[in-house]
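J.: Below is the file target_2.tsv, which contains TSV, C-alpha atoms.
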chain	number	residue	atom	x	y	z
A	1413	MET	CA	-66.00	74.68	67.16
A	1414	SER	CA	-63.19	77.03	68.18
A	1415	LYS	CA	-64.10	80.58	69.09
A	1416	VAL	CA	-63.45	83.55	66.83
A	1417	ARG	CA	-60.53	85.40	68.41
A	1418	VAL	CA	-60.85	89.19	68.12
A	1419	LEU	CA	-58.49	92.13	68.67
A	1420	VAL	CA	-60.27	95.46	69.27
A	1421	ILE	CA	-58.41	98.61	68.14
A	1422	ASP	CA	-59.97	101.97	69.05
A	1423	ASP	CA	-58.64	105.12	70.67
A	1424	SER	CA	-61.86	105.60	72.69
A	1425	ALA	CA	-61.78	103.76	76.00
A	1426	SER	CA	-65.59	103.71	76.20
A	1427	VAL	CA	-65.91	102.23	72.68
A	1428	ARG	CA	-63.27	99.61	73.48
A	1429	GLN	CA	-65.11	98.66	76.65
A	1430	THR	CA	-68.46	98.48	74.86
A	1431	LEU	CA	-67.13	96.35	72.00
A	1432	VAL	CA	-65.39	94.00	74.42
A	1433	SER	CA	-68.61	93.61	76.41
A	1434	ILE	CA	-70.69	92.95	73.26
A	1435	LEU	CA	-68.28	90.49	71.69
A	1436	SER	CA	-67.48	88.64	74.92
A	1437	ALA	CA	-71.18	88.02	75.50
A	1438	ASP	CA	-71.33	85.89	72.34
A	1439	PRO	CA	-70.36	82.29	73.14
A	1440	ASP	CA	-68.66	81.92	69.75
A	1441	ILE	CA	-66.35	84.93	70.19
A	1442	GLU	CA	-63.30	85.55	72.39
A	1443	VAL	CA	-61.66	88.97	72.72
A	1444	ILE	CA	-57.93	88.30	72.99
A	1445	GLY	CA	-56.90	91.92	73.49
A	1446	VAL	CA	-57.48	95.64	72.98
A	1447	ALA	CA	-55.27	98.42	71.64
A	1448	SER	CA	-55.59	102.19	71.69
A	1449	ASP	CA	-53.64	102.72	68.44
A	1450	PRO	CA	-52.02	100.73	65.61
A	1451	PHE	CA	-48.58	100.71	67.21
A	1452	VAL	CA	-49.90	98.99	70.34
A	1453	ALA	CA	-51.89	96.68	68.07
A	1454	ALA	CA	-48.84	95.72	66.03
A	1455	ARG	CA	-47.01	94.61	69.18
A	1456	ARG	CA	-50.08	92.64	70.27
A	1457	ILE	CA	-50.31	90.88	66.89
A	1458	GLN	CA	-46.68	89.78	67.22
A	1459	GLU	CA	-47.67	87.92	70.39
A	1460	GLU	CA	-50.87	86.33	69.04
A	1461	ILE	CA	-52.53	86.54	65.64
A	1462	PRO	CA	-56.28	87.19	65.93
A	1463	ASP	CA	-58.90	85.76	63.61
A	1464	VAL	CA	-60.52	89.20	63.22
A	1465	ILE	CA	-59.60	92.80	64.00
A	1466	THR	CA	-62.09	95.60	64.64
A	1467	LEU	CA	-60.33	98.80	63.59
A	1468	ASP	CA	-61.26	102.43	64.16
A	1469	VAL	CA	-60.54	104.85	61.31
A	1470	GLU	CA	-59.55	107.96	63.27
A	1471	MET	CA	-56.73	107.25	65.71
A	1472	PRO	CA	-53.60	109.01	66.98
A	1473	ARG	CA	-50.13	108.41	65.51
A	1474	MET	CA	-51.47	106.38	62.54
A	1475	ASP	CA	-54.93	106.40	60.96
A	1476	GLY	CA	-56.82	103.16	60.46
A	1477	ILE	CA	-56.64	103.17	56.65
A	1478	THR	CA	-52.84	103.42	56.67
A	1479	PHE	CA	-52.60	100.63	59.22
A	1480	LEU	CA	-55.02	98.50	57.21
A	1481	ARG	CA	-52.92	98.84	54.06
A	1482	LYS	CA	-49.75	97.94	55.95
A	1483	LEU	CA	-51.49	94.96	57.54
A	1484	MET	CA	-52.82	93.62	54.24
A	1485	SER	CA	-49.43	93.90	52.56
A	1486	GLN	CA	-47.57	92.16	55.38
A	1487	ARG	CA	-49.92	89.86	57.31
A	1488	PRO	CA	-53.49	89.76	55.95
A	1489	ILE	CA	-56.09	89.39	58.72
A	1490	PRO	CA	-59.85	89.94	58.30
A	1491	VAL	CA	-60.60	93.50	59.40
A	1492	VAL	CA	-63.93	95.12	60.27
A	1493	MET	CA	-63.71	98.91	60.14
A	1494	CYS	CA	-65.47	101.09	62.71
A	1495	SER	CA	-66.16	104.74	61.96
A	1496	SER	CA	-68.57	107.61	62.47
A	1497	LEU	CA	-71.97	107.98	60.82
A	1498	THR	CA	-71.04	110.88	58.54
A	1499	GLU	CA	-70.95	111.31	54.77
A	1500	ALA	CA	-67.21	111.95	54.94
A	1501	GLY	CA	-66.83	108.84	57.06
A	1502	SER	CA	-68.71	106.84	54.46
A	1503	GLU	CA	-66.31	107.99	51.75
A	1504	THR	CA	-63.40	106.98	53.97
A	1505	LEU	CA	-64.93	103.57	54.56
A	1506	MET	CA	-65.15	103.06	50.80
A	1507	GLN	CA	-61.38	103.52	50.79
A	1508	ALA	CA	-61.17	100.98	53.62
A	1509	LEU	CA	-63.09	98.39	51.61
A	1510	ASP	CA	-60.81	99.04	48.64
A	1511	ALA	CA	-57.82	98.51	50.94
A	1512	GLY	CA	-59.12	95.11	52.03
A	1513	ALA	CA	-61.57	95.59	54.90
A	1514	VAL	CA	-64.21	92.87	55.00
A	1515	ASP	CA	-67.10	94.90	56.43
A	1516	VAL	CA	-67.96	98.04	58.37
A	1517	ILE	CA	-69.53	99.00	61.68
A	1518	LEU	CA	-70.81	102.56	61.83
A	1519	LYS	CA	-71.14	104.65	64.99
A	1520	PRO	CA	-72.26	108.22	65.75
A	1521	ARG	CA	-69.76	110.79	66.97
A	1522	ILE	CA	-71.87	111.31	70.10
A	1523	GLY	CA	-73.26	108.45	72.16
A	1524	ALA	CA	-71.23	105.82	70.32
A	1525	ALA	CA	-71.19	103.37	73.22
A	1526	ASP	CA	-75.00	103.37	73.58
A	1527	PHE	CA	-75.46	103.06	69.82
A	1528	LEU	CA	-73.07	100.13	69.58
A	1529	ALA	CA	-74.85	98.38	72.44
A	1530	GLU	CA	-78.13	98.64	70.49
A	1531	GLN	CA	-76.39	97.06	67.48
A	1532	ALA	CA	-74.94	94.12	69.44
A	1533	ASP	CA	-76.46	91.35	67.30
A	1534	ARG	CA	-75.29	92.92	64.05
A	1535	ILE	CA	-71.79	93.53	65.40
A	1536	CYS	CA	-71.40	89.90	66.44
A	1537	ASP	CA	-72.78	88.70	63.10
A	1538	VAL	CA	-70.35	90.94	61.19
A	1539	VAL	CA	-67.36	89.72	63.21
A	1540	LYS	CA	-68.29	86.06	62.75
A	1541	ALA	CA	-68.80	86.62	59.03
A	1542	ALA	CA	-65.40	88.31	58.81
A	1543	ALA	CA	-63.79	85.26	60.39
A	1544	LYS	CA	-65.00	83.23	57.40
A	1545	ALA	CA	-63.70	85.72	54.83
A	1546	ARG	CA	-61.25	84.65	52.15
A	1547	LEU	CA	-58.38	87.14	51.93
A	1548	GLY	CA	-56.11	87.21	48.90
A	1549	ALA	CA	-57.05	83.89	47.34
A	1550	ARG	CA	-59.80	84.01	50.00
A	1551	ARG	CA	-59.57	80.36	50.98
A	1552	SER	CA	-60.37	79.73	54.62
A	1553	ALA	CA	-63.49	78.39	56.19
A	1554	ARG	CA	-65.13	78.09	59.57
A	1555	SER	CA	-68.31	76.29	60.38
A	1556	SER	CA	-71.08	78.37	61.85
A	1557	THR	CA	-74.32	77.65	63.60
A	1558	ASP	CA	-77.59	78.78	62.10
A	1559	PRO	CA	-78.86	82.07	63.52
A	1560	ALA	CA	-81.81	82.13	65.88
A	1561	GLN	CA	-85.38	82.05	64.60
A	1562	LYS	CA	-85.95	85.08	62.37
A	1563	LEU	CA	-88.65	86.73	60.31
A	1564	THR	CA	-89.21	85.78	56.68
A	1565	ALA	CA	-90.38	87.91	53.78
A	1566	ASP	CA	-93.94	87.17	54.95
A	1567	ALA	CA	-93.41	90.14	57.27
A	1568	MET	CA	-93.39	92.47	54.25
A	1569	LEU	CA	-95.51	90.86	51.50
A	1570	PRO	CA	-97.33	87.60	50.73
A	1571	PRO	CA	-95.78	84.75	48.73
A	1572	PRO	CA	-95.90	84.89	44.92
A	1573	ARG	CA	-98.14	82.78	42.74
A	1574	PRO	CA	-95.94	80.39	40.71
A	1575	ARG	CA	-95.46	81.46	37.08
A	1576	ALA	CA	-98.02	84.22	37.38
A	1577	MET	CA	-96.38	86.43	34.73
A	1578	ALA	CA	-95.65	85.70	31.08
A	1579	HIS	CA	-92.58	87.03	29.26
A	1580	THR	CA	-92.69	90.65	28.13
A	1581	THR	CA	-90.09	92.68	26.27
A	1582	GLU	CA	-88.15	93.95	29.29
A	1583	MET	CA	-86.08	92.07	31.83
A	1584	VAL	CA	-85.07	93.21	35.31
A	1585	ALA	CA	-82.05	91.74	37.12
A	1586	CYS	CA	-82.10	91.52	40.92
A	1587	LEU	CA	-78.79	91.15	42.75
A	1588	GLY	CA	-78.36	90.35	46.45
A	1589	ALA	CA	-75.13	90.33	48.45
A	1590	SER	CA	-73.70	90.74	51.94
A	1591	THR	CA	-70.16	90.32	53.29
A	1592	GLY	CA	-67.72	90.91	50.45
A	1593	GLY	CA	-70.50	92.22	48.25
A	1594	THR	CA	-69.14	95.71	47.74
A	1595	GLU	CA	-66.15	94.30	45.88
A	1596	ALA	CA	-68.23	91.67	44.08
A	1597	LEU	CA	-70.86	94.14	42.92
A	1598	ARG	CA	-68.22	96.47	41.57
A	1599	THR	CA	-66.70	93.58	39.60
A	1600	VAL	CA	-70.08	92.85	38.01
A	1601	LEU	CA	-71.39	96.35	37.45
A	1602	GLU	CA	-68.28	98.03	36.09
A	1603	VAL	CA	-68.16	95.72	33.04
A	1604	LEU	CA	-71.83	96.05	32.11
A	1605	PRO	CA	-72.52	98.13	28.98
A	1606	ALA	CA	-74.66	101.24	29.01
A	1607	ASN	CA	-77.56	99.31	27.43
A	1608	ALA	CA	-77.71	96.68	30.20
A	1609	PRO	CA	-81.15	95.75	31.51
A	1610	GLY	CA	-82.48	97.54	34.56
A	1611	ILE	CA	-80.81	96.25	37.72
A	1612	ILE	CA	-81.86	96.51	41.37
A	1613	VAL	CA	-79.51	95.62	44.19
A	1614	VAL	CA	-79.74	94.79	47.87
A	1615	GLN	CA	-76.36	94.92	49.60
A	1616	HIS	CA	-76.40	94.50	53.38
A	1617	MET	CA	-75.05	97.88	54.40
A	1618	PRO	CA	-75.67	100.34	57.24
A	1619	GLU	CA	-77.79	103.46	56.85
A	1620	SER	CA	-76.01	106.50	55.34
A	1621	PHE	CA	-73.39	104.29	53.67
A	1622	THR	CA	-75.30	103.19	50.56
A	1623	ALA	CA	-75.42	106.68	49.04
A	1624	ALA	CA	-71.63	106.94	49.08
A	1625	PHE	CA	-71.35	103.39	47.74
A	1626	ALA	CA	-73.72	104.13	44.85
A	1627	LYS	CA	-72.02	107.44	44.09
A	1628	ARG	CA	-68.63	105.79	43.89
A	1629	LEU	CA	-69.88	102.96	41.66
A	1630	ASN	CA	-71.42	105.56	39.37
A	1631	THR	CA	-67.96	107.00	38.69
A	1632	LEU	CA	-66.65	103.54	37.70
A	1633	CYS	CA	-69.50	102.17	35.59
A	1634	GLU	CA	-71.02	102.81	32.18
A	1635	VAL	CA	-74.45	102.17	33.68
A	1636	GLU	CA	-75.96	104.87	35.90
A	1637	VAL	CA	-75.88	103.90	39.58
A	1638	LYS	CA	-77.83	105.61	42.35
A	1639	GLU	CA	-79.27	104.96	45.78
A	1640	ALA	CA	-82.93	104.08	45.27
A	1641	GLN	CA	-85.74	106.38	46.30
A	1642	ASP	CA	-89.34	105.34	46.68
A	1643	GLY	CA	-91.05	105.32	43.29
A	1644	ASP	CA	-87.89	105.30	41.16
A	1645	PRO	CA	-88.49	103.65	37.77
A	1646	VAL	CA	-86.40	100.63	36.78
A	1647	LEU	CA	-84.80	101.66	33.51
A	1648	ARG	CA	-82.42	100.09	31.03
A	1649	GLY	CA	-78.87	101.19	31.73
A	1650	HIS	CA	-79.65	102.09	35.34
A	1651	VAL	CA	-78.84	100.44	38.67
A	1652	LEU	CA	-80.80	101.12	41.87
A	1653	ILE	CA	-79.22	100.22	45.22
A	1654	ALA	CA	-81.46	99.78	48.25
A	1655	PRO	CA	-80.78	102.41	50.93
A	1656	GLY	CA	-79.43	101.15	54.22
A	1657	ASP	CA	-82.08	100.38	56.85
A	1658	ARG	CA	-84.91	100.27	54.26
A	1659	HIS	CA	-86.43	97.34	52.38
A	1660	MET	CA	-86.68	97.68	48.60
A	1661	MET	CA	-89.35	95.91	46.54
A	1662	LEU	CA	-90.02	95.65	42.85
A	1663	GLU	CA	-93.52	96.69	41.74
A	1664	ARG	CA	-95.19	96.84	38.36
A	1665	ARG	CA	-97.46	99.47	36.85
A	1666	GLY	CA	-98.73	98.29	33.49
A	1667	ALA	CA	-95.64	97.39	31.46
A	1668	ARG	CA	-93.28	99.46	33.62
A	1669	TYR	CA	-91.38	98.59	36.79
A	1670	HIS	CA	-90.55	100.81	39.70
A	1671	VAL	CA	-89.26	100.28	43.22
A	1672	SER	CA	-90.95	100.75	46.55
A	1673	VAL	CA	-88.68	101.71	49.44
A	1674	ARG	CA	-90.18	101.07	52.85
A	1675	THR	CA	-89.40	100.58	56.48
A	1676	GLY	CA	-90.47	97.40	58.24
A	1677	PRO	CA	-89.07	94.70	60.51
A	1678	PRO	CA	-85.72	93.08	59.68
A	1679	VAL	CA	-86.24	90.02	57.48
A	1680	SER	CA	-83.72	87.19	57.75
A	1681	ARG	CA	-82.16	89.54	60.31
A	1682	HIS	CA	-81.53	92.21	57.69
A	1683	ARG	CA	-83.01	95.48	56.49
A	1684	PRO	CA	-82.73	95.74	53.54
A	1685	SER	CA	-83.34	92.05	52.95
A	1686	VAL	CA	-82.51	90.10	49.81
A	1687	ASP	CA	-85.46	87.77	50.51
A	1688	VAL	CA	-87.84	90.75	50.37
A	1689	LEU	CA	-86.40	91.96	47.06
A	1690	PHE	CA	-86.43	88.50	45.49
A	1691	ARG	CA	-89.98	87.73	46.61
A	1692	SER	CA	-91.20	91.05	45.24
A	1693	ALA	CA	-89.51	90.25	41.91
A	1694	ALA	CA	-91.19	86.84	41.81
A	1695	ARG	CA	-94.56	88.51	42.38
A	1696	ALA	CA	-94.13	91.52	40.09
A	1697	ALA	CA	-91.96	90.21	37.27
A	1698	GLY	CA	-92.08	86.40	37.30
A	1699	ALA	CA	-90.41	85.06	34.15
A	1700	ASN	CA	-89.27	88.58	33.23
A	1701	ALA	CA	-86.80	88.64	36.11
A	1702	MET	CA	-83.32	87.30	36.79
A	1703	GLY	CA	-82.09	86.68	40.34
A	1704	VAL	CA	-78.42	86.58	41.35
A	1705	ILE	CA	-77.33	85.70	44.88
A	1706	MET	CA	-73.76	86.60	45.74
A	1707	THR	CA	-71.18	86.43	48.50
A	1708	GLY	CA	-72.38	86.74	52.10
A	1709	MET	CA	-72.92	84.97	55.40
A	1710	GLY	CA	-76.24	83.45	56.41
A	1711	ASP	CA	-79.24	82.51	54.29
A	1712	ASP	CA	-80.88	85.81	53.33
A	1713	GLY	CA	-82.05	85.50	49.72
A	1714	ALA	CA	-82.08	81.70	49.52
A	1715	ARG	CA	-85.86	81.41	50.00
A	1716	GLY	CA	-86.52	84.34	47.72
A	1717	LEU	CA	-84.33	82.97	44.94
A	1718	LEU	CA	-86.27	79.71	45.05
A	1719	GLU	CA	-89.52	81.68	44.80
A	1720	MET	CA	-88.11	83.49	41.77
A	1721	LYS	CA	-87.17	80.19	40.14
A	1722	GLU	CA	-90.65	78.77	40.80
A	1723	ALA	CA	-92.15	81.91	39.24
A	1724	GLY	CA	-90.17	81.29	36.03
A	1725	ALA	CA	-87.20	83.61	36.57
A	1726	VAL	CA	-83.61	82.79	35.63
A	1727	THR	CA	-81.62	82.21	38.83
A	1728	VAL	CA	-77.86	82.27	39.45
A	1729	ALA	CA	-75.62	81.76	42.48
A	1730	GLN	CA	-72.00	82.88	42.77
A	1731	ASP	CA	-69.60	79.96	43.09
A	1732	GLU	CA	-67.54	79.12	46.16
A	1733	ALA	CA	-64.18	79.84	44.55
A	1734	SER	CA	-64.99	83.50	43.91
A	1735	SER	CA	-67.11	84.16	47.03
A	1736	ILE	CA	-65.49	85.95	49.96
A	1737	VAL	CA	-68.02	84.19	52.21
A	1738	PHE	CA	-69.83	81.22	50.66
A	1739	GLY	CA	-72.86	81.33	52.94
A	1740	MET	CA	-75.81	82.84	51.09
A	1741	PRO	CA	-74.97	81.22	47.72
A	1742	LYS	CA	-74.35	77.85	49.36
A	1743	GLU	CA	-77.73	77.96	51.10
A	1744	ALA	CA	-79.50	78.87	47.86
A	1745	ILE	CA	-77.72	76.09	45.96
A	1746	GLY	CA	-78.62	73.61	48.70
A	1747	ARG	CA	-82.30	74.50	48.37
A	1748	GLY	CA	-82.21	73.96	44.62
A	1749	ALA	CA	-82.85	77.65	43.97
A	1750	ALA	CA	-79.98	78.28	41.55
A	1751	GLN	CA	-80.26	77.12	37.95
A	1752	LYS	CA	-76.62	78.06	37.37
A	1753	VAL	CA	-73.57	78.43	39.64
A	1754	LEU	CA	-71.10	80.88	38.13
A	1755	ALA	CA	-67.79	82.52	38.95
A	1756	LEU	CA	-68.02	86.21	39.78
A	1757	GLU	CA	-66.40	87.19	36.47
A	1758	GLN	CA	-69.11	85.33	34.52
A	1759	ILE	CA	-72.14	87.00	36.11
A	1760	ALA	CA	-72.20	90.21	34.05
A	1761	ARG	CA	-71.88	88.19	30.84
A	1762	GLU	CA	-74.77	85.96	31.97
A	1763	ILE	CA	-76.97	88.98	32.66
A	1764	MET	CA	-76.40	90.25	29.13
A	1765	ALA	CA	-76.89	86.77	27.63
A	1766	VAL	CA	-80.24	86.31	29.36
A	1767	ASP	CA	-81.29	89.78	28.21
A	1768	ALA	CA	-80.25	89.07	24.61
A	1769	ALA	CA	-82.16	85.78	24.57
A	1770	ARG	CA	-85.48	87.47	25.26
As C-alpha cells - that is how I would like this structure written.
T.:
Amino acid sequence: MSKVRVLVIDDSASVRQTLVSILSADPDIEVIGVASDPFVAARRIQEEIPDVITLDVEMPRMDGITFLRKLMSQRPIPVVMCSSLTEAGSETLMQALDAGAVDVILKPRIGAADFLAEQADRICDVVKAAAKARLGARRSARSSTDPAQKLTADAMLPPPRPRAMAHTTEMVACLGASTGGTEALRTVLEVLPANAPGIIVVQHMPESFTAAFAKRLNTLCEVEVKEAQDGDPVLRGHVLIAPGDRHMMLERRGARYHVSVRTGPPVSRHRPSVDVLFRSAARAAGANAMGVIMTGMGDDGARGLLEMKEAGAVTVAQDEASSIVFGMPKEAIGRGAAQKVLALEQIAREIMAVDAAR
C-alpha cells in the first residue's frame, strides 16, 4: 500500500515541526513538504500534489479559509483544518467544513505543540481518513489496515438482552457518523419536519466544537438542535448531539427517554463513541429505536448497530455512493447489521416512514 503523502501548512514553526514528527512516525504516512503560508504552499503543490493537506486557519498574507476555497475551486485536495480551541475558532471551522474541509484538528493557543503531541493517534487517524475522502463526486478509495486492538462498548455498559423491549408509542432515532458526517448530518436534519421523532446523534468531533455545530444546525433546521447535557429528555422535534470528549447514552425512565452524558475511556478509539450510543439504545429502547450509521472511517458503530438489530430496532447504513468515507457503513453492512442500505438523501424520509408505521 502506498503511503499517504501530506503537505503541512502552518505559520508556526513549532507546530510544523510537531506535526511533521507525528505524521512521519506513522508508517503509512509520508510528509512531502511544509509551508509557512498559502503562497509557499501553492508553489509546493505545483511541484507535487499531496494526498492530504493540513491547513492552519490563521496565517499571514492569506487566511486558511480563503486558500481552502481557492483550492477547492481549482484543484480539490482533501484538507484537514487546524485551528485554536476557541468558540470563535469553532465558528470559523464550521465555515471551513462548508468550504470543503474534510475534518478538523483543534489546538490551544498556548502549548499547541505539546497538545498536538498528546493527540498523535487521532491526528494520524484523521489524516488517513482524509486520504480516503471523496471530493466533488467523492470517488476515490485507498485500502487501510485495521486499527490496533481497542476497547469495545463493554467499557461503558453491558451488552443488551435481545428483544428485551416491546413496541411503545414513541420512537427514538440514533445517528452515528465520523469523517464527512457534518455535511451528511446537515443533509438529513435540515429536511426533517418539526414533528420528527426524537433524534440523538454521535458525530466524532473534538471538544468545544460540538456546541458550535449544534448551534449552526439549529439555524438551518425545523427541528430544534442542541448539544446534549446530562439528563436532557429525548423529545419529538428535538435533536441532541453528543458533546465532544463525552460519551452519550440513551436511558429510559418509565415511558420517557433521556440521555446520560459521561466521561469514560475511548471506545473503538473514540469519545463519544457510536458503539456506546447504539448499545445503550438497544438496551433502553429495543424495538422502539432506529439506528443509522453514516459516513466515516473505521468500524465504530458496526457492533452497536448489530446489537440494535438483534434487539428489534430498525437499522440503516448509508450507501457507498453518497458516503464521503465508506468505512463505518461498510463494516456494519459486512456484519449483517443493516436491514437497509440507503443513499444519504433517502435517510430522512426513512426516519419519518418508520415513525409513521408505528
J.: Using all atoms listed in the file, find the one residue out of A:Ala1694, A:Ile1705, A:Val1600, A:Val1637 that sits nearest to Ala1723 of chain A.
T.: A:Ala1694
J.: Report, in Å with one decimal, the straight-line distance from atom CA of Glu1582 of chain A to atom CA of Pro1609 of chain A.
T.: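 Atom CA of Glu1582 of chain A sits 7.6 Å away from atom CA of Pro1609 of chain A.
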J.: For atom CA of Ala1513 of chain A and atom CA of Gly1588 of chain A, determine how far apart the two atoms are, in Å to one decimal place.
T.: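 That distance, rounded to one decimal, is 19.5 Å.
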J.: Contacts of Cys1536 of chain A at 9 Å or less, counting all atoms listed in the file, minus same-chain residues fewer than 5 places along, as a PyMOL selection string?
T.: chain A and resi 1434-1435+1438+1441+1531+1541
J.: Determine, counting only C-alpha atoms, which protein, DNA and RNA residues have an atom within 12 Å of an atom of segment 1454-1461 of chain A; residues of the same chain fewer than 4 positions away are not included. Present the result as a list of chain:residue names.
T.: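 Counting only C-alpha atoms, the residues come to A:Val1416, A:Arg1417, A:Val1418, A:Leu1419, A:Val1420, A:Ile1421, A:Val1443, A:Ile1444, A:Gly1445, A:Val1446, A:Ala1447, A:Ser1448, A:Asp1449, A:Pro1450, A:Ile1465, A:Met1474, A:Phe1479, A:Leu1480, A:Lys1482, A:Leu1483, A:Gln1486, A:Arg1487, A:Pro1488, A:Ile1489, A:Pro1490.
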J.: Would you list the residues near (-67.6, 74.7, 71.2) (no more than 9 Å away, in the coordinates of the file, using all atoms listed in the file) as JSON, numbers by chain?
T.: {"A": [1413, 1414, 1415, 1439, 1440]}
J.: Report as number ranges by chain all protein, DNA and RNA residues lying within 6 Å of segment 1682-1690 of chain A, evaluated on all atoms listed in the file, omitting residues in the same chain fewer than 6 positions from it.
T.: A: 1565, 1588, 1614, 1657-1661, 1712-1713, 1716-1717
J.: Find the residue from A:Lys1540, A:Arg1770, A:Arg1681, A:His1650 that sits nearest to Asp1463 of chain A; use all atoms listed in the file when measuring.
T.: A:Lys1540
J.: Please report the interatomic distance between atom CA of Leu1629 of chain A and atom CA of Thr1591 of chain A in Å with one decimal.
T.: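 Going from atom CA of Leu1629 of chain A over to atom CA of Thr1591 of chain A covers 17.2 Å.
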J.: Give me, as a VMD selection string, all polymer residues having an atom no more than 12 Å from Phe1738 of chain A, counting all atoms listed in the file and skipping those fewer than 2 positions away in the same chain.
T.: chain A and resid 1541 to 1542 1544 to 1546 1550 to 1556 1589 to 1593 1705 to 1711 1729 to 1736 1740 to 1746 1753 1755
J.: Would you mind listing what lies within 10 Å of segment 1640-1646 of chain A as number ranges by chain, with all atoms listed in the file counted and same-chain residues fewer than 4 positions away left out?
T.: A: 1583-1585, 1609-1613, 1622-1623, 1626, 1650-1655, 1658, 1660-1665, 1668-1674
J.: Would you please work out which residue, of A:Ser1496, A:Asn1607, A:Thr1466, A:Thr1478, is nearest to Ala1508 of chain A when using all atoms listed in the file?
T.: A:Thr1478
